[in-house]
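Beneath this line is the structure, given in structure tokens, with notes to follow.
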Amino acid sequence: MADGSKDKEEKQPANPSSSSIGNLSQNNPLSRKLNRILETRLEDERDTIESLKVLSEFLPANTLHARRNLRSDIERRGLILSEEFRDLLGSLAAQIQDMQNDVHSMRSCCQDMQNRLADTKAKTAGLLNETAELKARGRRLEMRGVVIDVFLKKLQLTPEEVGILAGGVVGEELFSVLHRVKSIHEDCKVLLRTSQQRIGLEIMEKMAMHLEEGYERLYHWTQSQCRTMTSDLPSSSLLLRKSLQELKSRPILYKYCVDEYVLARRSALVQGFIDALTKGNNGSRPIELVSHDPARYSGDMLGWLHQAIATEKDHISGLFAEDEREWVSNLLASITEGAGRPLKMRVEQVLLSTSDPVTSYQMVNVVRYYLGVFVILLGETAPLIGVMKELAELQTKLFFSSLTVQTSKLLEEIELPDSQLNPPRKLMEILSVLQRVLASRDISVASLDDHKTSLKQILQTCIDPMIHYCNESASTLSTMEMAVYLINCLYLIHSNVALYEFTELALEKLDGQIQAHLDTLITEQAAYLLGKIGLLDSYNTLQTGELTDEVLAPVHEQSKKLMTQFFSSPESSLLPQLTLLTSSKFKADAHQRAVQLFLNAYRQVYDAIKDKIGEDKLSNVLPHSPEQVNDLIT
């Protein structure tokens with residue numbers, strides 16, 4: 001190829017001009033073709049380059065001979081390649097034929113196998129269907145077995161749980177099984193709303209039997225535990241409290257257990273009370289050692305019962321966990337029922353052995369106080385409250401009886417007043433008894449209403465006989481002396497009663513009587529003053545009618561002289577009886593009111609005389625005007 005290029009270059013003109021080449025290319029077709037070849041860029045013709053590379057493999061040299069034989073060589077080369085391709089295609093056709101034969105053979109085998117499978121499938125279709133049905137049935141049975149296991153586990157008791165219900169020690173396991181039985185019983189109610197009503201009823205019946213068996217066993221155990229609670233300070237276990245709470249769902253069994261507890265505690269309370277009276281307990285001395293002091297004896301017995309009731313209440317609240325106050329009170333009332341008889345017997349014994357009203361009143365206060373406390377704890381209908389009310393009523397009757405007897409005994413003999421009109425000695429003795437009675441009452445141990453009621457009765461029991469006694473004693477005195485004497489007696493009673501609370505009604509009654517007697521004294525003192533100046537008859541006449549000359553005649557003769565004597569020393573005009581009043585307040589009040597009454601009477605007489613005889617002649621009869629008399633006498 002390189003040599004051919006050189007030959008071509010040798011044939012080309014050495015120095016062709018550009019114009020001659022242009023003319024040749026335009027006129028000679030060969031030149032145009034040659035120019036087109038020369039203008040070709042081989043680097044852009046990759047097919048051409050590949051073709052040239054192939055030619056270079058079987059064209060050994062670029063000679064003229066080789067170039068002349070190039071076509072034949074190429075044709076021969078193509079022939080050889082065609083023959084080789086034919087041989088290869090023949091071999092490939094043989095292989096394809098073999099493959100086709102194999103495929104036909106495989107197709108025949110597959111068709112045979114398909115036919116055999118179809119025959120086998122037709123023969124085993126029933127077996128396969130039966131097998132599939134058995135598998136489905138097996139799956140259903142397996143699922144049913146799982147459901148039954150869950151069902152039995154959920155709605156049946158295990159043998160161990162049945163054994164716990166049947167026997168053994170009562171413990172937490174029993175409560176767990178009972179709760180499980182209740183849960184199963186409630187769950188079976190769901191079955192009753194489905195198509196499984198029969199099995200639901202059977203399970204519910206079986207669980208009810210188990211439940212009754214468990215409750216029966218729990219009831220007997222709880223009942224035996226309640227029977228043992230006979231000590232002074234019983235202890236209750238958590239297990240017993242849970243048992244009682246569990247038995248609340250069986251009201252009859254629960255009531256039987258509560259009754260057993262009440263009987264045991266009632267017996268323990270009575271025995272403890274008897275021991276406290278006769279032997280003492282918890283290191284204390286027997287209460288009966290102070291039976292010589294009735295008030296303390298009663299207080300100690302009731303105080304012991306109060307403490308015992310409070311202890312029982314705390315124990316009941318902790319054991320039964322009941323929040324209803326009425327239920328607890330009823331239970332306490334039943335427990336304390338047995339203590340009423342020994343209490344009543346001993347209190348009545350000391351009551352009948354004492355006649356001192358002070359001691360009786362102290363006992364009345366103590367019993368009334370504890371009666372109010374026990375009513376709060378036990379309720380109004382408790383048997384012990386009935387006993388306490390009977391004792392309080394009996395004590396009240398005995399107290400007033402002893403107070404009446406002692407008052408009557410002191411006032412049997414009438415004591416005449418002395419010359420100074422002082423209260424009698426027996427009146428002071430009765431007031432001393434009254435003071436001791438009122439001083440013995442303790443407001444902290446009785447209600448306010450009880451104090452007011454009892455105080456009213458006490459004062460009525462004592463004051464009315466004293467007033468009657470004073471009136472009887474003063475029956476022989478004059479009006480003035482009787483008034484002074486009764487005022488002194490009433491004042492003494494008033495001053496003693498006023499020292500105590502809730503005596504307003506009695507004091508008001510005494511004040512009314514004192515004021516009535518003071519009015520008598522004041523009237524007498526005013527009349528005495530009018531008589532001292534000679535105007536008493538004129539005033540009395542003026543109250544019933546007009547003044548006449550006959551009435552005024554004595555006034556003309558003596559009034560000026562008497563008035564001169566009276567106003568020269570007015571202090572001597574006080575009645576002697578007024579000086580015997582023991583109360584300086586009453587004495588001053590009586591004098592002041594008597595003077596005022598005297599001045600009013602004087603003014604009436606003065607005005608009447610002035611109207612009768614005229615103002616010019618008045619100074620000859622009454623030389624002093626009412627204003628002057630007021631200045632002189634005050």
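All residue names refer to the structure tokens as shown: chains lettered A, B, ... in order, residues numbered from 1 in each chain, ligands numbered from 1 in order.
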
12 Å contact set for Ser291 in chain A, only C-alpha atoms, chain neighbours under 6 positions out, as a count of residues only: 14

Could you pull the residues within 10 Å of Leu499 in chain A, counting only C-alpha atoms, minus those fewer than 6 positions along the same chain, as number ranges by chain? A: 435, 438-439

Writer output for current selection, C-alpha atoms, as a PDB file, in the first residue's frame:
ATOM      1  CA  GLN A 435     -76.269  26.928 148.873  1.00  0.00           C
ATOM      2  CA  LEU A 438     -76.465  24.643 144.217  1.00  0.00           C
ATOM      3  CA  ALA A 439     -72.717  24.620 144.851  1.00  0.00           C
TER       4      ALA A 439
END

Using only C-alpha atoms, can you tell me which of A:Val358, A:Leu201, A:Ile335, A:Ala601 comes closest to Gln395 in chain A? A:Val358

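Using only C-alpha atoms, the smallest distance between any of A:Arg296, A:Arg325, A:His468, A:Arg76 and Met363 in chain A comes from A:Arg296.
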
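Here CA of Leu505 in chain A stands at a distance of 14.7 Å from CA of Asp449 in chain A.
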
I need the residues of range 158-329 of chain A that end up classed as alpha helix (DSSP H) by DSSP on the backbone, written out as a PyMOL selection string. chain A and resi 159-166+172-191+197-227+238-247+251-278+294-320+325-329

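Nearest residue to Leu332 in chain A among A:Tyr361, A:Arg86, A:Ala382, A:His306 is A:Ala382, counting only C-alpha atoms.
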
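Contact shell of range 163-179 of chain A at 7 Å (only C-alpha atoms; same-chain neighbours under 4 positions omitted): Pro159, Ser183, Leu211, Glu213 and Gly214 of chain A.
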
Those residues you just picked out, can you put them in a file as a PDB file, in the first residue's frame with C-alpha atoms?
ATOM      1  CA  PRO A 159     -58.717 -29.897  91.818  1.00  0.00           C
ATOM      2  CA  SER A 183     -66.250 -14.441  89.034  1.00  0.00           C
ATOM      3  CA  LEU A 211     -69.916 -21.164  96.803  1.00  0.00           C
ATOM      4  CA  GLU A 213     -69.811 -25.008 100.525  1.00  0.00           C
ATOM      5  CA  GLY A 214     -67.137 -22.331 100.913  1.00  0.00           C
TER       6      GLY A 214
END

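We find CA of Thr381 in chain A and CA of Leu455 in chain A to be spaced 27.5 Å apart.
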